[in-house]
Amino acid sequence: MNRFITAMIPAALAVAALSLSSAAQARTHAGKAANAPLPDIVMDGTNLYPESMSSAADGTVYIGSMKGILFRARPGSGKATPWIKPTAANGILTLLGVLVDAHTHSVWLCSDPGALRTPPVTGTASLMSFDLRTGRQTGHYPFPAPASICNDISVAPNGDVYASDTPNGRILRLAKGEKSLTVFAEDARLKGIDGLVFGGNGVLYLNNVSRNQLLIIDIHSDGTAGAITQLVLSQPVAGPDGFRFIGDNRFLLAEGNAGRVDLVTIHGVNADIKVLREGLQSPPAVTLVGNTVYALEGKIGYLIRPELKGKDPGPFKAYAVPMP
């Protein structure tokens, strides 16, 4: 063997060992970074009064606001900045429901009249969609009469999109490929409907913010609505709002009137509720990023409670809560 090559072997082995050690250290640091606690997210603005949020698989968090601005926090960021703003072209009013749809690379939004805005914002409630990559509007679907509030959104396994109409007790459906909403269900028991979410079993779960209930509504094989069943809760809920499926038979739930967010495990018609965080100011929404539950404060009391009206609500945050 060439003496030069022979002399180089120990050095090469040393470099290789150093490279392997550096790679191992890099993997260790990457693993620690991936498992590092995520920060609270502060919305960049004042008097925003958010009502809903959602997250993408990469950890990006999207938060709506009463001002009609959709905020976005990049993965791991502690700040949400304005991304999509209301314009005459897109027709956004006030934003309530927000839902990321990974299959269509879209974010679905509920645009609504805003009586609590100054001055009030008028118009027709609508379901809207925007491209997650570009922010370009891809759909605008007004709610059919009567005057409505589009509150929350869920996407069925077949791609149909469902939206709740709180005051009228309706669920509207945008069938995949269609250009307009139709009424899927309308029932007096649904007046006060807020959050809705499909579980992994394809079952549509609902909550009623007025009646403090969790519900199931059956969907027949022909797509029509079936029976409405009230779930039996392990403990009472107060003002159930944002509702998110996180896998298996587990869900996250925001309780606005109770000031808390929960882990809900559903077996048949029984729902076991475990409180994850208390002491929040009217939390309307919750989402999961990795092993972190984000609990959003809405602080709506500053708009409706006489003793708080006119006072500074301070910053609006989504608090990072470790998932047990």
# chains A, B, ... in the order shown; residues from 1 in each chain; ligands from 1
>>> select_by_dssp(residues="range 30-238 of chain A", states="strand (DSSP E or B)", output="number ranges by chain")
A: 41-43, 53-55, 61-63, 70-73, 79-84, 94-101, 106-112, 114, 121, 126-131, 137-142, 150-155, 161-165, 170-174, 182-186, 193-198, 204-208, 213-219, 225-230, 232-233
>>> write_last_selection(atoms="C-alpha atoms", output="mmCIF file, in the first residue's frame")
data_model
loop_
_atom_site.group_PDB
_atom_site.id
_atom_site.type_symbol
_atom_site.label_atom_id
_atom_site.label_comp_id
_atom_site.auth_asym_id
_atom_site.auth_seq_id
_atom_site.Cartn_x
_atom_site.Cartn_y
_atom_site.Cartn_z
ATOM 1 C CA ILE A 41 -48.358 33.195 20.823
ATOM 2 C CA VAL A 42 -49.069 36.911 21.079
ATOM 3 C CA MET A 43 -51.210 38.514 18.378
ATOM 4 C CA MET A 53 -57.907 29.307 15.343
ATOM 5 C CA SER A 54 -56.482 26.299 13.556
ATOM 6 C CA SER A 55 -53.066 24.821 12.868
ATOM 7 C CA VAL A 61 -51.060 28.614 13.590
ATOM 8 C CA TYR A 62 -53.856 30.704 12.053
ATOM 9 C CA ILE A 63 -56.041 32.971 14.198
ATOM 10 C CA LEU A 70 -56.449 36.470 9.665
ATOM 11 C CA PHE A 71 -53.244 36.258 11.688
ATOM 12 C CA ARG A 72 -50.492 33.721 11.120
ATOM 13 C CA ALA A 73 -47.754 32.484 13.466
ATOM 14 C CA LYS A 79 -45.877 36.127 17.442
ATOM 15 C CA ALA A 80 -48.878 36.057 15.116
ATOM 16 C CA THR A 81 -48.859 38.778 12.483
ATOM 17 C CA PRO A 82 -51.532 39.882 9.995
ATOM 18 C CA TRP A 83 -51.633 37.703 6.888
ATOM 19 C CA ILE A 84 -54.989 38.070 5.101
ATOM 20 C CA THR A 94 -65.647 39.846 10.895
ATOM 21 C CA LEU A 95 -63.912 36.466 11.220
ATOM 22 C CA LEU A 96 -65.318 33.705 13.403
ATOM 23 C CA GLY A 97 -64.552 30.114 12.354
ATOM 24 C CA VAL A 98 -61.072 29.222 11.059
ATOM 25 C CA LEU A 99 -60.094 25.758 9.794
ATOM 26 C CA VAL A 100 -57.020 24.465 7.985
ATOM 27 C CA ASP A 101 -57.817 21.824 5.347
ATOM 28 C CA SER A 106 -56.812 25.674 2.078
ATOM 29 C CA VAL A 107 -57.875 27.646 5.099
ATOM 30 C CA TRP A 108 -61.642 27.934 5.510
ATOM 31 C CA LEU A 109 -63.074 31.026 7.170
ATOM 32 C CA CYS A 110 -66.428 32.151 8.537
ATOM 33 C CA SER A 111 -67.027 35.789 7.560
ATOM 34 C CA ASP A 112 -69.856 37.452 9.476
ATOM 35 C CA GLY A 114 -70.058 42.323 13.323
ATOM 36 C CA VAL A 121 -70.122 45.817 10.129
ATOM 37 C CA SER A 126 -70.351 33.558 4.264
ATOM 38 C CA LEU A 127 -68.063 30.571 4.131
ATOM 39 C CA MET A 128 -64.779 31.428 2.401
ATOM 40 C CA SER A 129 -61.636 29.589 1.362
ATOM 41 C CA PHE A 130 -58.083 30.817 0.772
ATOM 42 C CA ASP A 131 -54.963 29.110 -0.552
ATOM 43 C CA GLN A 137 -59.107 33.632 -2.240
ATOM 44 C CA THR A 138 -60.424 30.439 -3.818
ATOM 45 C CA GLY A 139 -64.079 30.445 -2.766
ATOM 46 C CA HIS A 140 -66.892 32.629 -1.403
ATOM 47 C CA TYR A 141 -70.167 30.959 -0.437
ATOM 48 C CA PRO A 142 -72.892 33.175 1.105
ATOM 49 C CA CYS A 150 -71.352 31.239 10.298
ATOM 50 C CA ASN A 151 -69.647 30.070 13.471
ATOM 51 C CA ASP A 152 -67.508 26.977 12.896
ATOM 52 C CA ILE A 153 -66.389 24.629 10.129
ATOM 53 C CA SER A 154 -65.496 20.972 9.659
ATOM 54 C CA VAL A 155 -64.539 18.908 6.613
ATOM 55 C CA VAL A 161 -67.541 21.090 4.103
ATOM 56 C CA TYR A 162 -69.993 21.706 6.963
ATOM 57 C CA ALA A 163 -70.595 25.024 8.756
ATOM 58 C CA SER A 164 -72.720 25.858 11.775
ATOM 59 C CA ASP A 165 -75.367 28.607 11.837
ATOM 60 C CA ARG A 170 -78.779 25.008 11.071
ATOM 61 C CA ILE A 171 -75.850 23.111 9.616
ATOM 62 C CA LEU A 172 -74.960 24.165 6.089
ATOM 63 C CA ARG A 173 -73.089 21.915 3.691
ATOM 64 C CA LEU A 174 -70.895 22.669 0.717
ATOM 65 C CA THR A 182 -77.373 23.877 1.087
ATOM 66 C CA VAL A 183 -79.098 23.163 4.393
ATOM 67 C CA PHE A 184 -77.970 19.798 5.743
ATOM 68 C CA ALA A 185 -79.874 19.981 9.036
ATOM 69 C CA GLU A 186 -82.228 22.395 10.770
ATOM 70 C CA ILE A 193 -74.904 25.238 17.806
ATOM 71 C CA ASP A 194 -71.282 26.340 17.783
ATOM 72 C CA GLY A 195 -68.379 23.936 17.297
ATOM 73 C CA LEU A 196 -68.649 20.959 14.979
ATOM 74 C CA VAL A 197 -66.048 18.343 14.142
ATOM 75 C CA PHE A 198 -65.756 15.002 12.396
ATOM 76 C CA LEU A 204 -70.180 14.381 13.163
ATOM 77 C CA TYR A 205 -69.943 15.762 16.695
ATOM 78 C CA LEU A 206 -71.386 19.142 17.726
ATOM 79 C CA ASN A 207 -71.595 21.385 20.730
ATOM 80 C CA ASN A 208 -74.296 23.812 21.779
ATOM 81 C CA GLN A 213 -74.314 20.191 25.428
ATOM 82 C CA LEU A 214 -72.209 17.903 23.269
ATOM 83 C CA LEU A 215 -74.143 16.127 20.517
ATOM 84 C CA ILE A 216 -73.907 13.626 17.683
ATOM 85 C CA ILE A 217 -75.873 13.989 14.467
ATOM 86 C CA ASP A 218 -76.168 10.937 12.251
ATOM 87 C CA ILE A 219 -75.515 11.105 8.522
ATOM 88 C CA ALA A 225 -79.278 14.162 8.357
ATOM 89 C CA GLY A 226 -80.430 11.600 10.874
ATOM 90 C CA ALA A 227 -80.987 11.429 14.611
ATOM 91 C CA ILE A 228 -79.535 13.948 17.054
ATOM 92 C CA THR A 229 -78.141 12.347 20.219
ATOM 93 C CA GLN A 230 -76.989 14.164 23.340
ATOM 94 C CA VAL A 232 -73.525 11.935 28.532
ATOM 95 C CA LEU A 233 -70.776 14.067 30.087
#
>>> residues_around(residues="Gly298 in chain A", least_positions_apart="6", cutoff="6 Å", atoms="only C-alpha atoms", output="NGL selection string")
:A and (49-51 or 282-284)
>>> closest_residue(among="A:Gly279, A:Gly247, A:Pro240, A:Gly177", to="Gly259 in chain A", atoms="only C-alpha atoms")
A:Gly279
>>> residues_around(residues="range 287-297 of chain A", least_positions_apart="4", cutoff="7 Å", atoms="only C-alpha atoms", output="ChimeraX atom specification")
/A:38,53-55,59,244,261,280-283,316-323
>>> select_by_dssp(residues="range 221-313 of chain A", states="helix (DSSP H, G or I)", output="list in words")
Gly301, Tyr302, Leu303 and Ile304 of chain A
>>> write_last_selection(atoms="C-alpha atoms", output="PDB file, in the first residue's frame")
ATOM      1  CA  GLY A 301     -66.222  40.346  28.252  1.00  0.00           C
ATOM      2  CA  TYR A 302     -64.512  43.636  27.422  1.00  0.00           C
ATOM      3  CA  LEU A 303     -67.152  44.177  24.740  1.00  0.00           C
ATOM      4  CA  ILE A 304     -70.283  43.007  26.537  1.00  0.00           C
TER       5      ILE A 304
END
